[in-house]
Amino acid sequence: MMMTEKLPEHTISRYEQELEQLRSMILRMFGMVENQLAQTLVVLKERKVDTAYEIALQDIEVDAYERMISAFSIQILALRSPMAIDLREIVSAFKVSVDLERIGDLIAGTCRRIVQIKTIPESISLSGLLTMGRQVQENLRQVVIAITQQDQKMMLHLWNADNLIDDLYLSVFTELTDLMAKEPQYILVCSHLLFMVKNLERIGDHITNIVENYYYVFTGDTLPYQRVGPVDVIEDDKDA
């Protein structure tokens, strides 16, 4: 009978440390983009557009962190040859870091549009946009809880919760386009706001991607069907 060679104990310990470090890095990146989004919503609520540029600059750190996670994931794959759930987790960490980086880009793009607006008239209601933003922020926060607790039911709930984000997007889009038709002097400002709302909708899509990845990590299965979202009536800030 052939004996399987066992890895030295210190090698196994080091491998577990690397996995834990990778998990911590992902959670740290979640915290960075959630904080970035929270600050952006405060700027919009208080209409203090002068601080938006500083928030946009935080994306530099988010981008750097994505590169670190990608490089570290590749290093573990190359050196440790992981299998089963470990392999799924490492590959997913690589992919999730890209989604989080893209979320950071979309938030930065929103902040740059706030800077371009300079002043948001009090007569333009931001309640719909802020409601949508808070819901996206809450979904992002709950994803972290679902991941740390490996809560598959919560992941399914969050996956379906993107329908609400899509509904809010269409509602705010209609509200802003109606305002543009009635009050032509607000066309420029509302055009920027439309891109901000679209960015929030795209952040919701990236959260859905993250949920799908971690559902696969913990179950080994893909989600059973693909939801159909609304038609894209405006593109997001691709150059963010």
# chains A, B, ... in the order shown; residues from 1 in each chain; ligands from 1

$ closest_atom_pairs --of "stretch 20-59 of chain A" --to "stretch 120-130 of chain A" --cutoff "10 Å" --atoms "only C-alpha atoms" --output "Markdown table"
| residue | atom | partner | partner_atom | distance |
| --- | --- | --- | --- | --- |
| A:Leu41 | CA | A:Leu130 | CA | 6.7 |
| A:Val42 | CA | A:Leu130 | CA | 9.1 |
| A:Leu44 | CA | A:Leu130 | CA | 7.6 |
| A:Lys45 | CA | A:Leu130 | CA | 7.2 |
| A:Glu46 | CA | A:Ile120 | CA | 10.0 |
| A:Arg47 | CA | A:Ile120 | CA | 6.5 |
| A:Lys48 | CA | A:Ile120 | CA | 9.0 |
| A:Val49 | CA | A:Ile120 | CA | 8.2 |

$ residues_around --residues "A:Ile114" --least-positions-apart "2" --cutoff "8 Å" --atoms "only C-alpha atoms" --output "ChimeraX atom specification"
/A:49,52,110-112,116-118,192

$ write_last_selection --atoms "N, CA, C and O atoms" --output "mmCIF file, in the first residue's frame"
data_model
loop_
_atom_site.group_PDB
_atom_site.id
_atom_site.type_symbol
_atom_site.label_atom_id
_atom_site.label_comp_id
_atom_site.auth_asym_id
_atom_site.auth_seq_id
_atom_site.Cartn_x
_atom_site.Cartn_y
_atom_site.Cartn_z
ATOM 1 N N VAL A 49 -20.501 69.783 -1.451
ATOM 2 C CA VAL A 49 -19.808 69.224 -2.613
ATOM 3 C C VAL A 49 -18.299 69.436 -2.569
ATOM 4 O O VAL A 49 -17.554 68.748 -3.264
ATOM 5 N N ALA A 52 -16.125 66.310 -1.842
ATOM 6 C CA ALA A 52 -16.272 65.120 -2.689
ATOM 7 C C ALA A 52 -14.957 64.699 -3.346
ATOM 8 O O ALA A 52 -14.691 63.497 -3.516
ATOM 9 N N THR A 110 -18.797 58.950 -9.076
ATOM 10 C CA THR A 110 -19.907 59.721 -8.513
ATOM 11 C C THR A 110 -19.393 60.994 -7.848
ATOM 12 O O THR A 110 -19.962 62.082 -8.032
ATOM 13 N N CYS A 111 -18.311 60.867 -7.084
ATOM 14 C CA CYS A 111 -17.748 62.037 -6.404
ATOM 15 C C CYS A 111 -17.225 63.071 -7.395
ATOM 16 O O CYS A 111 -17.375 64.284 -7.175
ATOM 17 N N ARG A 112 -16.635 62.617 -8.483
ATOM 18 C CA ARG A 112 -16.148 63.562 -9.484
ATOM 19 C C ARG A 112 -17.305 64.312 -10.152
ATOM 20 O O ARG A 112 -17.174 65.488 -10.510
ATOM 21 N N GLN A 116 -18.139 68.376 -10.275
ATOM 22 C CA GLN A 116 -18.488 69.099 -11.511
ATOM 23 C C GLN A 116 -19.774 69.915 -11.344
ATOM 24 O O GLN A 116 -19.906 71.004 -11.909
ATOM 25 N N ILE A 117 -20.712 69.373 -10.565
ATOM 26 C CA ILE A 117 -21.972 70.093 -10.346
ATOM 27 C C ILE A 117 -21.735 71.386 -9.575
ATOM 28 O O ILE A 117 -22.354 72.408 -9.823
ATOM 29 N N LYS A 118 -20.819 71.321 -8.597
ATOM 30 C CA LYS A 118 -20.477 72.449 -7.718
ATOM 31 C C LYS A 118 -21.598 72.776 -6.723
ATOM 32 O O LYS A 118 -21.360 72.846 -5.527
ATOM 33 N N HIS A 192 -25.983 64.808 -14.458
ATOM 34 C CA HIS A 192 -24.970 64.256 -13.550
ATOM 35 C C HIS A 192 -25.619 63.332 -12.515
ATOM 36 O O HIS A 192 -25.075 62.272 -12.192
#

$ residues_around --residues "A:Leu22" --least-positions-apart "4" --cutoff "10 Å" --atoms "only C-alpha atoms" --output "list of chain:residue names"
A:Glu16, A:Gln17, A:Glu18, A:Ile26, A:Leu27, A:Arg28, A:Met68, A:Ile69, A:Ser70, A:Phe72, A:Ser73, A:Ile76, A:Glu89, A:Ile90, A:Ala93, A:Phe94

$ write_last_selection --atoms "C-alpha atoms" --output "CSV table (one decimal), in the first residue's frame"
chain,number,residue,atom,x,y,z
A,16,GLU,CA,-3.6,28.5,7.2
A,17,GLN,CA,-2.0,31.8,8.1
A,18,GLU,CA,-1.9,32.8,4.5
A,26,ILE,CA,-10.8,41.0,1.6
A,27,LEU,CA,-12.7,42.2,4.7
A,28,ARG,CA,-10.4,45.3,4.9
A,68,MET,CA,-2.1,43.3,-3.5
A,69,ILE,CA,-5.0,40.8,-3.2
A,70,SER,CA,-4.6,39.6,-6.8
A,72,PHE,CA,-1.2,37.3,-3.1
A,73,SER,CA,-4.0,35.1,-4.4
A,76,ILE,CA,-0.9,31.1,-2.8
A,89,GLU,CA,-12.1,30.6,-1.8
A,90,ILE,CA,-8.8,31.8,-3.2
A,93,ALA,CA,-11.0,36.3,-3.5
A,94,PHE,CA,-9.2,37.2,-6.7

$ residues_around --residues "A:Ile210" --least-positions-apart "5" --cutoff "9 Å" --atoms "only C-alpha atoms" --output "PDB file with C-alpha atoms, in the first residue's frame"
ATOM      1  CA  SER A  92     -13.148  33.886  -5.499  1.00  0.00           C
ATOM      2  CA  LYS A  95     -12.520  37.839  -8.460  1.00  0.00           C
ATOM      3  CA  VAL A  96     -14.206  39.603  -5.528  1.00  0.00           C
ATOM      4  CA  ASP A  99     -15.634  43.672  -8.004  1.00  0.00           C
ATOM      5  CA  LEU A 100     -14.697  45.723  -4.944  1.00  0.00           C
ATOM      6  CA  VAL A 143     -22.633  40.805   2.523  1.00  0.00           C
ATOM      7  CA  ASP A 205     -24.762  44.438  -9.616  1.00  0.00           C
ATOM      8  CA  TYR A 215     -22.278  31.152  -2.431  1.00  0.00           C
TER       9      TYR A 215
END

$ select_by_dssp --residues "stretch 6-232 of chain A" --states "alpha helix (DSSP H)" --output "VMD selection string"
chain A and resid 9 to 46 52 to 57 59 to 80 84 to 117 127 to 149 152 to 182 187 to 219

$ atom_distance --atom1 "atom CA of A:Ser24" --atom2 "atom CA of A:Gly220"
21.9 Å

$ residues_around --residues "A:Val172" --least-positions-apart "2" --cutoff "8 Å" --atoms "only C-alpha atoms" --output "PyMOL selection string"
chain A and resi 128-129+168-170+174-176+197

$ closest_residue --among "A:Leu223, A:Met154, A:Thr119, A:Val62" --to "A:Arg141" --atoms "only C-alpha atoms"
A:Met154
